[in-house]
$ cat target.cif   # mmCIF, C-alpha atoms and all ligand atoms
data_entry
#
loop_
_atom_site.label_atom_id
_atom_site.label_comp_id
_atom_site.auth_asym_id
_atom_site.auth_seq_id
_atom_site.Cartn_x
_atom_site.Cartn_y
_atom_site.Cartn_z
CA MET A 1 33.50 -22.81 19.64
CA ASN A 2 35.37 -19.57 20.37
CA PRO A 3 32.66 -16.96 21.20
CA SER A 4 34.92 -14.09 20.07
CA ALA A 5 35.55 -15.64 16.61
CA PRO A 6 33.97 -13.60 13.79
CA LYS A 7 30.55 -14.95 12.78
CA PRO A 8 30.27 -16.42 9.27
CA PRO A 9 28.18 -14.25 6.94
CA ARG A 10 24.48 -15.00 7.05
CA PRO A 11 23.34 -16.90 3.92
CA LEU A 12 21.23 -14.75 1.63
CA PRO A 13 17.56 -15.73 1.73
CA SER A 14 15.59 -16.62 -1.38
CA VAL A 15 13.63 -13.39 -1.08
CA HIS A 16 15.20 -10.08 -1.95
CA LEU A 17 14.00 -8.03 0.97
CA LEU A 18 15.00 -8.88 4.51
CA GLY A 19 12.23 -8.17 6.99
CA SER A 20 14.48 -8.40 10.03
CA GLY A 21 17.07 -5.90 11.12
CA THR A 22 15.00 -2.94 9.92
CA PRO A 23 13.62 -0.34 12.31
CA MET A 24 10.03 -1.18 11.37
CA CYS A 25 7.17 -2.15 13.71
CA ALA A 26 6.57 -5.85 14.29
CA GLY A 27 3.49 -6.88 12.32
CA CYS A 28 3.79 -4.05 9.76
CA GLY A 29 1.22 -4.82 7.05
CA GLY A 30 2.92 -2.44 4.60
CA LEU A 31 6.14 -4.40 4.92
CA GLU A 32 4.20 -7.68 4.57
CA ALA A 33 2.89 -6.51 1.18
CA LEU A 34 6.20 -4.96 0.06
CA HIS A 35 8.06 -8.15 0.91
CA GLN A 36 5.84 -10.11 -1.47
CA ILE A 37 5.90 -7.43 -4.17
CA TYR A 38 9.71 -7.18 -4.15
CA ASP A 39 10.08 -10.94 -4.19
CA ILE A 40 8.30 -10.94 -7.56
CA LEU A 41 9.78 -7.73 -9.00
CA GLY A 42 13.34 -8.73 -8.11
CA GLU A 43 16.52 -6.73 -7.87
CA LYS A 44 16.24 -4.92 -11.22
CA THR A 45 14.08 -2.39 -9.49
CA VAL A 46 14.76 1.20 -8.56
CA PHE A 47 12.52 2.51 -5.79
CA ILE A 48 11.65 6.18 -5.68
CA ASN A 49 10.47 6.63 -2.13
CA ALA A 50 8.35 9.48 -0.79
CA ALA A 51 9.17 10.27 2.85
CA GLY A 52 7.24 7.93 5.15
CA CYS A 53 7.74 4.78 7.20
CA MET A 54 9.37 2.79 4.39
CA THR A 55 12.11 5.41 4.18
CA LEU A 56 13.54 3.73 7.28
CA LEU A 57 14.24 0.63 5.18
CA ALA A 58 17.20 2.30 3.49
CA VAL A 59 19.22 4.37 5.92
CA TYR A 60 22.58 5.01 4.25
CA PRO A 61 24.75 2.95 4.02
CA PHE A 62 22.45 0.10 5.09
CA THR A 63 19.61 -1.32 3.02
CA PRO A 64 17.84 -4.68 2.82
CA PHE A 65 17.29 -4.15 -0.93
CA ARG A 66 19.60 -5.47 -3.62
CA GLY A 67 18.32 -2.94 -6.14
CA SER A 68 18.50 0.84 -6.03
CA TRP A 69 16.72 3.42 -3.92
CA LEU A 70 16.13 7.16 -4.24
CA TYR A 71 14.54 9.11 -1.43
CA THR A 72 12.43 12.18 -2.29
CA ALA A 73 10.32 14.78 -0.50
CA MET A 74 6.75 13.64 0.22
CA ALA A 75 5.10 15.22 -2.80
CA SER A 76 7.87 14.59 -5.32
CA ALA A 77 8.22 10.85 -5.89
CA PRO A 78 6.46 10.83 -9.32
CA ALA A 79 8.71 13.69 -10.47
CA GLY A 80 11.74 11.75 -9.22
CA ALA A 81 10.48 8.69 -11.08
CA GLN A 82 10.22 10.72 -14.30
CA GLY A 83 13.86 11.82 -13.97
CA VAL A 84 15.12 8.31 -13.31
CA ARG A 85 13.03 6.80 -16.16
CA ASP A 86 14.27 9.49 -18.57
CA ALA A 87 17.90 8.88 -17.55
CA LEU A 88 17.52 5.11 -18.03
CA ASP A 89 15.85 5.62 -21.43
CA ILE A 90 18.67 7.92 -22.59
CA LEU A 91 21.30 5.38 -21.50
CA LEU A 92 19.39 2.61 -23.31
CA GLU A 93 19.08 4.70 -26.46
CA GLN A 94 22.79 5.54 -26.43
CA GLY A 95 23.68 1.87 -25.97
CA ARG A 96 25.32 2.62 -22.63
CA LEU A 97 22.85 0.36 -20.79
CA ALA A 98 22.12 -3.11 -22.07
CA PRO A 99 18.37 -3.87 -22.32
CA GLU A 100 18.80 -6.73 -19.83
CA GLU A 101 20.20 -4.23 -17.31
CA ASN A 102 17.15 -1.98 -17.59
CA LEU A 103 15.37 -1.22 -14.31
CA GLU A 104 11.69 -1.13 -13.37
CA VAL A 105 10.98 2.32 -11.91
CA VAL A 106 8.76 1.96 -8.83
CA VAL A 107 7.33 4.74 -6.69
CA LEU A 108 6.90 3.63 -3.09
CA THR A 109 4.74 5.99 -1.10
CA GLY A 110 2.47 6.15 1.91
CA ASP A 111 -1.15 7.28 1.75
CA GLY A 112 -0.41 10.69 3.29
CA ALA A 113 1.71 11.53 0.25
CA ALA A 114 -0.37 9.60 -2.31
CA TYR A 115 -3.88 10.76 -1.39
CA GLY A 116 -2.81 14.28 -0.48
CA MET A 117 0.26 16.32 -1.15
CA GLY A 118 1.67 14.08 -3.93
CA LEU A 119 -1.55 13.80 -5.92
CA THR A 120 -0.85 16.60 -8.41
CA ALA A 121 2.56 15.20 -9.31
CA THR A 122 0.99 11.74 -9.66
CA SER A 123 -1.83 12.95 -11.87
CA SER A 124 0.64 14.72 -14.17
CA ALA A 125 2.91 11.67 -14.39
CA ILE A 126 -0.04 9.44 -15.39
CA GLU A 127 -1.17 12.04 -17.90
CA ARG A 128 2.34 12.03 -19.46
CA GLY A 129 2.10 8.24 -19.75
CA LEU A 130 5.15 7.71 -17.56
CA ASN A 131 6.28 4.09 -17.61
CA PHE A 132 6.29 3.38 -13.88
CA LEU A 133 4.74 1.27 -11.16
CA TYR A 134 3.23 3.28 -8.33
CA ILE A 135 2.76 1.50 -4.99
CA CYS A 136 0.87 3.22 -2.19
CA TYR A 137 0.85 1.17 1.03
CA ASP A 138 -2.24 2.45 2.75
CA ASN A 139 -2.04 2.47 6.55
CA GLU A 140 -4.80 5.09 6.58
CA GLY A 141 -2.82 7.80 8.32
CA TYR A 142 0.50 9.59 8.74
CA GLY A 143 2.04 6.52 10.38
CA ASN A 144 5.63 7.67 10.64
CA THR A 145 4.74 10.76 12.62
CA GLY A 146 2.22 9.12 14.98
CA GLN A 147 -0.90 8.36 12.88
CA GLN A 148 -2.39 11.77 12.32
CA TYR A 149 -5.36 11.57 9.94
CA SER A 150 -4.72 11.51 6.20
CA GLU A 151 -7.15 11.67 3.29
CA ALA A 152 -7.17 7.85 3.43
CA THR A 153 -8.42 7.66 7.03
CA PRO A 154 -11.77 5.85 7.25
CA HIS A 155 -14.86 7.48 8.71
CA GLY A 156 -15.08 7.06 12.48
CA ALA A 157 -11.47 5.93 13.11
CA ARG A 158 -9.55 7.40 16.01
CA THR A 159 -6.29 9.05 14.97
CA ALA A 160 -3.79 11.27 16.80
CA THR A 161 -5.75 14.23 15.43
CA SER A 162 -9.28 12.73 15.68
CA ARG A 163 -9.72 11.81 19.32
CA GLY A 164 -13.39 12.63 19.93
CA LEU A 165 -16.14 10.11 20.71
CA THR A 166 -16.94 9.68 17.03
CA GLY A 167 -13.37 9.58 15.64
CA PHE A 168 -12.49 10.98 12.21
CA PRO A 169 -15.45 12.96 10.86
CA GLY A 170 -14.33 12.82 7.21
CA TYR A 171 -14.53 10.03 4.63
CA LYS A 172 -11.78 8.03 2.93
CA LYS A 173 -10.94 9.36 -0.51
CA ASP A 174 -11.27 6.85 -3.38
CA LEU A 175 -7.74 6.84 -4.79
CA PHE A 176 -8.45 3.80 -6.97
CA ALA A 177 -11.26 5.74 -8.70
CA ILE A 178 -9.01 8.80 -9.10
CA TRP A 179 -6.36 6.64 -10.77
CA THR A 180 -8.81 4.83 -13.07
CA ALA A 181 -10.31 8.17 -14.14
CA HIS A 182 -6.87 8.79 -15.72
CA ARG A 183 -7.16 5.56 -17.76
CA PRO A 184 -3.82 4.06 -16.66
CA ALA A 185 -2.36 0.84 -18.05
CA TYR A 186 -3.27 -1.00 -14.85
CA ALA A 187 -4.58 -0.43 -11.32
CA ALA A 188 -5.29 -2.88 -8.51
CA THR A 189 -6.06 -3.06 -4.81
CA VAL A 190 -4.30 -5.78 -2.82
CA VAL A 191 -3.54 -6.83 0.75
CA GLY A 192 -0.58 -8.83 2.08
CA ALA A 193 -2.99 -11.29 3.72
CA GLU A 194 -4.21 -12.44 0.27
CA PRO A 195 -0.86 -13.45 -1.27
CA LEU A 196 -2.18 -15.32 -4.32
CA ASP A 197 -4.36 -12.41 -5.40
CA LEU A 198 -1.42 -10.06 -4.79
CA ALA A 199 1.04 -12.24 -6.72
CA ARG A 200 -1.24 -12.48 -9.77
CA LYS A 201 -1.69 -8.72 -9.82
CA ILE A 202 1.96 -7.80 -9.41
CA GLU A 203 2.90 -10.26 -12.15
CA LYS A 204 0.32 -8.70 -14.44
CA ALA A 205 1.48 -5.18 -13.59
CA ALA A 206 5.13 -6.12 -14.20
CA ARG A 207 4.29 -7.39 -17.73
CA LEU A 208 2.60 -4.13 -18.74
CA ARG A 209 4.09 -0.74 -19.62
CA GLY A 210 2.89 2.76 -18.78
CA PRO A 211 1.44 4.09 -15.53
CA ARG A 212 0.50 1.20 -13.23
CA PHE A 213 -0.92 1.41 -9.73
CA LEU A 214 -0.94 -1.01 -6.79
CA LEU A 215 -2.78 -0.09 -3.61
CA PRO A 216 -2.09 -2.47 -0.70
CA LEU A 217 -4.13 -2.02 2.46
CA ALA A 218 -1.48 -1.89 5.19
CA PRO A 219 -2.71 -2.69 8.70
CA GLY A 220 -0.28 -1.40 11.33
CA PRO A 221 -0.27 -2.32 15.04
CA PRO A 222 0.65 1.07 16.57
CA GLY A 223 -1.61 3.30 14.48
CA TRP A 224 -4.56 0.90 14.34
CA ASP A 225 -3.98 -0.21 17.93
CA TYR A 226 -3.83 -4.01 17.92
CA GLU A 227 -1.28 -6.72 18.71
CA PRO A 228 1.23 -7.58 15.91
CA PRO A 229 0.17 -11.24 15.37
CA LEU A 230 -3.27 -10.01 14.22
CA THR A 231 -2.06 -8.28 11.03
CA ALA A 232 -2.92 -11.12 8.62
CA GLU A 233 -6.31 -11.78 10.29
CA ILE A 234 -7.22 -8.08 10.09
CA GLY A 235 -6.23 -8.04 6.41
CA ARG A 236 -8.44 -11.06 5.74
CA LEU A 237 -11.35 -9.53 7.67
CA ALA A 238 -11.04 -6.33 5.65
CA VAL A 239 -11.74 -8.45 2.56
CA LYS A 240 -14.41 -10.70 4.11
CA THR A 241 -16.43 -7.75 5.48
CA GLY A 242 -16.21 -5.95 2.11
CA ILE A 243 -14.39 -2.97 3.67
CA TRP A 244 -11.44 -3.55 1.31
CA PRO A 245 -12.67 -4.66 -2.13
CA LEU A 246 -10.04 -6.58 -4.08
CA LYS A 247 -10.24 -5.40 -7.68
CA GLU A 248 -8.27 -4.51 -10.76
CA TYR A 249 -8.62 -2.14 -13.68
CA VAL A 250 -7.41 -3.37 -17.02
CA ASP A 251 -8.46 -2.45 -20.58
CA GLY A 252 -10.90 0.13 -19.24
CA GLN A 253 -12.81 -2.38 -17.06
CA VAL A 254 -12.93 -2.78 -13.29
CA ILE A 255 -13.11 -6.43 -12.20
CA HIS A 256 -13.53 -7.62 -8.61
CA THR A 257 -11.05 -10.44 -8.07
CA LYS A 258 -12.60 -11.72 -4.83
CA ILE A 259 -16.24 -11.09 -3.99
CA PRO A 260 -16.98 -11.80 -0.31
CA ARG A 261 -20.01 -14.11 -0.17
CA PRO A 262 -21.53 -14.09 2.34
CA ARG A 263 -20.17 -10.76 3.53
CA LEU A 264 -19.38 -10.59 7.26
CA PRO A 265 -20.76 -7.63 9.25
CA VAL A 266 -18.26 -4.73 9.33
CA GLU A 267 -18.11 -4.84 13.11
CA GLU A 268 -16.18 -8.14 12.87
CA TYR A 269 -13.40 -6.01 11.42
CA LEU A 270 -13.93 -2.86 13.48
CA LYS A 271 -13.80 -4.59 16.85
CA THR A 272 -10.33 -6.04 16.20
CA GLN A 273 -8.78 -2.54 16.40
CA GLY A 274 -8.43 -0.06 19.23
CA ARG A 275 -8.86 2.82 16.76
CA PHE A 276 -12.54 1.83 16.59
CA ALA A 277 -12.94 0.89 20.30
CA HIS A 278 -15.03 4.04 20.97
CA LEU A 279 -17.72 2.55 18.70
CA PHE A 280 -18.25 -0.23 21.23
CA GLN A 281 -17.26 1.26 24.64
CA PRO A 282 -18.26 2.68 27.00
CA ARG A 283 -21.52 2.54 25.01
CA ARG A 284 -22.21 0.92 21.66
CA ASN A 285 -22.63 3.56 18.92
CA ASP A 286 -25.22 1.82 16.71
CA ALA A 287 -25.69 4.90 14.55
CA LEU A 288 -22.02 5.12 13.56
CA ILE A 289 -21.53 1.35 13.16
CA GLY A 290 -24.72 1.36 11.03
CA GLU A 291 -23.42 4.23 8.91
CA ILE A 292 -20.14 2.41 8.22
CA GLN A 293 -22.11 -0.75 7.34
CA SER A 294 -24.37 1.17 4.94
CA LEU A 295 -21.39 2.73 3.17
CA VAL A 296 -20.00 -0.76 2.54
CA ASP A 297 -23.45 -2.11 1.52
CA ALA A 298 -23.93 0.77 -0.91
CA TYR A 299 -20.56 -0.01 -2.52
CA TRP A 300 -21.36 -3.69 -3.05
CA ASP A 301 -24.93 -2.96 -4.22
CA GLN A 302 -23.50 -1.30 -7.32
CA VAL A 303 -21.11 -4.19 -8.10
CA LYS A 304 -22.62 -6.36 -10.82
C1 LIG A 401 6.33 18.25 3.29
C2 LIG A 401 6.53 17.37 4.46
N1 LIG A 401 5.71 17.48 5.51
C3 LIG A 401 5.88 16.68 6.59
C4 LIG A 401 6.89 15.76 6.61
C5 LIG A 401 7.11 14.90 7.83
N2 LIG A 401 6.72 13.55 7.56
C6 LIG A 401 7.61 12.57 7.29
S1 LIG A 401 6.92 11.07 7.09
C7 LIG A 401 5.38 11.72 7.35
C8 LIG A 401 4.16 10.84 7.32
C9 LIG A 401 3.82 10.43 5.93
O1 LIG A 401 2.60 9.70 5.93
P1 LIG A 401 2.37 8.62 4.80
O2 LIG A 401 2.68 9.19 3.48
O3 LIG A 401 1.01 8.06 4.98
O4 LIG A 401 3.46 7.50 5.11
P2 LIG A 401 3.57 6.62 6.46
O5 LIG A 401 4.30 7.45 7.43
O6 LIG A 401 2.20 6.30 6.91
O7 LIG A 401 4.37 5.44 6.04
C10 LIG A 401 5.43 13.09 7.60
C11 LIG A 401 4.26 13.94 7.89
C12 LIG A 401 7.74 15.68 5.49
N3 LIG A 401 8.73 14.78 5.41
N4 LIG A 401 7.54 16.50 4.44
S1 LIG A 402 3.80 2.83 11.75
FE1 LIG A 402 2.62 1.40 10.48
S2 LIG A 402 3.51 1.52 8.38
FE2 LIG A 402 4.95 2.44 9.85
S3 LIG A 402 6.38 0.75 10.33
FE3 LIG A 402 4.80 0.82 11.93
S4 LIG A 402 3.23 -0.63 11.23
FE4 LIG A 402 4.51 -0.16 9.47
MG MG A 403 0.35 6.34 5.88
#

$ encode --input "target.cif" --output "structure tokens"
Amino acid sequence: MNPSAPKPPRPLPSVHLLGSGTPMCAGCGGLEALHQIYDILGEKTVFINAAGCMTLLAVYPFTPFRGSWLYTAMASAPAGAQGVRDALDILLEQGRLAPEENLEVVVLTGDGAAYGMGLTATSSAIERGLNFLYICYDNEGYGNTGQQYSEATPHGARTATSRGLTGFPGYKKDLFAIWTAHRPAYAATVVGAEPLDLARKIEKAARLRGPRFLLPLAPGPPGWDYEPPLTAEIGRLAVKTGIWPLKEYVDGQVIHTKIPRPRLPVEEYLKTQGRFAHLFQPRRNDALIGEIQSLVDAYWDQVK
């Protein structure tokens, strides 16, 4: 074979999003979840992306998506989604877009934008009843800029801006509760390591109309400080220890879709990640590990 001959084009895979060839970290849990979500949503999707790691997936003129992509400032993705939805609805109404060519409008945002600076725009979009799917991949920090703390950072975690012996002094905000307080059409937590649970939820969300929310926990090797092959195991441990409850909100009710029984101690999860290493070395911090355990216990105590 002539080594200088042009290579034949690579066959397109059955999934819509190519994980390789993108400038993302190996073992990215956000990408793991997005890969599965996009496989189900398909190419009739327009992503409205708030600046963050996933922005690197579509660097003009290259993109692994077969659908459309609009990049916005961090706080503005829900406003961008409103504009795109309105434009699509006008085209549909005028008969200039066939119903089968309609697109699902999907906000794709990190937790820094979702829990913090984008929250007002999100709240207003839900209140207006915007027909959109809102996906926040939660890597519990400002991943793209070096894992500074965000309002999703868990208590005690080390971040680029929380380097003391006890890590982040604050507490993770409950974005799921904030969303459900708005009475959306649907809300769910997911993780890429639980693909069946994720698939059921994304299929349900795709069938509904109105504001819909998906919150994937997104373990990430650089920010959480672990080796890339551990991503799926860390995702599973987040569920088994009860740190990441899998649940959904539909028709005004919150239902837990996987109740960990028996629940593993939280330290099984904490000790897999360097961001919690100061809880175990040079001296074990029983008080802080105990506090994290009691927060998780208190959550599950109120689940019927
Ligand atoms: C208003 C504003 N401030 C800061 C930045 C720089 N910036 C780009 S991505 C990013 C991190 C965003 O964090 P998150 O939303 O959690 O997404 P992740 O990087 O974790 O994917 C920051 C701070 C920006 N683009 N806009
Ligand atoms: S920093 Fe985290 S979210 Fe960003 S690409 Fe790397 S693993 Fe993924
Ligand atoms: Mg983030």

$ closest_atom_pairs --input "target.cif" --of "chain A" --to "ligand MG 403 (chain A)" --cutoff "9 Å" --atoms "all atoms listed in the file" --output "CSV"
residue,atom,partner,partner_atom,distance
A:Gly52,CA,A:MG403,MG,7.1
A:Cys53,CA,A:MG403,MG,7.7
A:Thr109,CA,A:MG403,MG,8.3
A:Gly110,CA,A:MG403,MG,4.5
A:Asp111,CA,A:MG403,MG,4.5
A:Gly112,CA,A:MG403,MG,5.1
A:Ala113,CA,A:MG403,MG,7.8
A:Ala114,CA,A:MG403,MG,8.8
A:Cys136,CA,A:MG403,MG,8.7
A:Tyr137,CA,A:MG403,MG,7.1
A:Asp138,CA,A:MG403,MG,5.6
A:Asn139,CA,A:MG403,MG,4.6
A:Glu140,CA,A:MG403,MG,5.3
A:Gly141,CA,A:MG403,MG,4.3
A:Tyr142,CA,A:MG403,MG,4.3
A:Gly143,CA,A:MG403,MG,4.8
A:Asn144,CA,A:MG403,MG,7.2
A:Gln147,CA,A:MG403,MG,7.4
A:Gln148,CA,A:MG403,MG,8.9
A:Tyr149,CA,A:MG403,MG,8.7
A:Ser150,CA,A:MG403,MG,7.2
A:Ala152,CA,A:MG403,MG,8.1
A:Thr153,CA,A:MG403,MG,8.9
A:Ala218,CA,A:MG403,MG,8.5

$ atom_distance --input "target.cif" --atom1 "atom O3 of ligand LIG 401 (chain A)" --atom2 "atom CA of A:Leu108"
10.9 Å

$ closest_residue --input "target.cif" --among "A:Gly118, A:Leu165, A:Gln253, A:Lys173" --to "A:Ala185" --atoms "only C-alpha atoms"
A:Gln253

$ residues_around --input "target.cif" --residues "stretch 235-239 of chain A" --least-positions-apart "3" --cutoff "12 Å" --atoms "only C-alpha atoms" --output "short mmCIF file (atom, residue, chain, number, x, y, z; two decimals) with C-alpha atoms, keeping the file's coordinate frame"
data_model
loop_
_atom_site.label_atom_id
_atom_site.label_comp_id
_atom_site.auth_asym_id
_atom_site.auth_seq_id
_atom_site.Cartn_x
_atom_site.Cartn_y
_atom_site.Cartn_z
CA GLY A 27 3.49 -6.88 12.32
CA CYS A 28 3.79 -4.05 9.76
CA GLY A 29 1.22 -4.82 7.05
CA GLY A 30 2.92 -2.44 4.60
CA GLU A 32 4.20 -7.68 4.57
CA ALA A 33 2.89 -6.51 1.18
CA ASP A 138 -2.24 2.45 2.75
CA ASN A 139 -2.04 2.47 6.55
CA THR A 189 -6.06 -3.06 -4.81
CA VAL A 190 -4.30 -5.78 -2.82
CA VAL A 191 -3.54 -6.83 0.75
CA GLY A 192 -0.58 -8.83 2.08
CA ALA A 193 -2.99 -11.29 3.72
CA GLU A 194 -4.21 -12.44 0.27
CA PRO A 195 -0.86 -13.45 -1.27
CA ASP A 197 -4.36 -12.41 -5.40
CA PRO A 216 -2.09 -2.47 -0.70
CA LEU A 217 -4.13 -2.02 2.46
CA ALA A 218 -1.48 -1.89 5.19
CA PRO A 219 -2.71 -2.69 8.70
CA GLY A 220 -0.28 -1.40 11.33
CA PRO A 221 -0.27 -2.32 15.04
CA PRO A 229 0.17 -11.24 15.37
CA LEU A 230 -3.27 -10.01 14.22
CA THR A 231 -2.06 -8.28 11.03
CA ALA A 232 -2.92 -11.12 8.62
CA GLY A 242 -16.21 -5.95 2.11
CA ILE A 243 -14.39 -2.97 3.67
CA TRP A 244 -11.44 -3.55 1.31
CA PRO A 245 -12.67 -4.66 -2.13
CA LEU A 246 -10.04 -6.58 -4.08
CA LYS A 247 -10.24 -5.40 -7.68
CA HIS A 256 -13.53 -7.62 -8.61
CA THR A 257 -11.05 -10.44 -8.07
CA LYS A 258 -12.60 -11.72 -4.83
CA ILE A 259 -16.24 -11.09 -3.99
CA PRO A 260 -16.98 -11.80 -0.31
CA ARG A 261 -20.01 -14.11 -0.17
CA PRO A 262 -21.53 -14.09 2.34
CA ARG A 263 -20.17 -10.76 3.53
CA LEU A 264 -19.38 -10.59 7.26
CA PRO A 265 -20.76 -7.63 9.25
CA VAL A 266 -18.26 -4.73 9.33
CA GLU A 267 -18.11 -4.84 13.11
CA GLU A 268 -16.18 -8.14 12.87
CA TYR A 269 -13.40 -6.01 11.42
CA LEU A 270 -13.93 -2.86 13.48
CA LYS A 271 -13.80 -4.59 16.85
CA THR A 272 -10.33 -6.04 16.20
CA GLN A 273 -8.78 -2.54 16.40
CA VAL A 296 -20.00 -0.76 2.54
#

$ atom_distance --input "target.cif" --atom1 "atom N1 of ligand LIG 401 (chain A)" --atom2 "atom CA of A:Ala50"
10.5 Å

$ residues_around --input "target.cif" --residues "A:Thr120" --least-positions-apart "3" --cutoff "12 Å" --atoms "all atoms listed in the file" --output "tab-separated table (two decimals) with C-alpha atoms, keeping the file's coordinate frame"
chain	number	residue	atom	x	y	z
A	74	MET	CA	6.75	13.64	0.22
A	75	ALA	CA	5.10	15.22	-2.80
A	76	SER	CA	7.87	14.59	-5.32
A	77	ALA	CA	8.22	10.85	-5.89
A	78	PRO	CA	6.46	10.83	-9.32
A	79	ALA	CA	8.71	13.69	-10.47
A	113	ALA	CA	1.71	11.53	0.25
A	114	ALA	CA	-0.37	9.60	-2.31
A	115	TYR	CA	-3.88	10.76	-1.39
A	116	GLY	CA	-2.81	14.28	-0.48
A	117	MET	CA	0.26	16.32	-1.15
A	123	SER	CA	-1.83	12.95	-11.87
A	124	SER	CA	0.64	14.72	-14.17
A	125	ALA	CA	2.91	11.67	-14.39
A	126	ILE	CA	-0.04	9.44	-15.39
A	127	GLU	CA	-1.17	12.04	-17.90
A	178	ILE	CA	-9.01	8.80	-9.10
A	179	TRP	CA	-6.36	6.64	-10.77

$ closest_residue --input "target.cif" --among "A:Leu103, A:Met24, A:Leu214, A:Ala73" --to "A:Ala87" --atoms "all atoms listed in the file"
A:Leu103

$ atom_distance --input "target.cif" --atom1 "atom S4 of ligand LIG 402 (chain A)" --atom2 "atom CA of A:Arg66"
22.6 Å

$ closest_residue --input "target.cif" --among "A:Leu70, A:Leu31, A:Gly129, A:Asp301" --to "A:Met54" --atoms "all atoms listed in the file"
A:Leu31

$ closest_residue --input "target.cif" --among "A:Lys201, A:Tyr171, A:Gly156, A:Arg163" --to "A:Ile289" --atoms "all atoms listed in the file"
A:Gly156

$ closest_residue --input "target.cif" --among "A:Thr122, A:Ser68, A:Thr55, A:Thr63" --to "A:Gly42" --atoms "all atoms listed in the file"
A:Ser68

$ axis_aligned_box --input "target.cif" --around "stretch 248-254 of chain A" --padding-each-side "4 Å" --output "JSON"
{"center_x": -10.2, "center_y": -2.2, "center_z": -15.7, "size_x": 13.5, "size_y": 12.6, "size_z": 17.8}

$ closest_residue --input "target.cif" --among "A:Glu248, A:Glu43, A:Glu151, A:Glu100" --to "ligand LIG 401 (chain A)" --atoms "only C-alpha atoms and all ligand atoms"
A:Glu151

$ residues_around --input "target.cif" --residues "A:Ile48" --least-positions-apart "4" --cutoff "7 Å" --atoms "all atoms listed in the file" --output "list in words"
Trp69, Leu70, Tyr71, Thr72, Ala77, Gly80, Ala81, Val106, Val107 and Leu108 of chain A
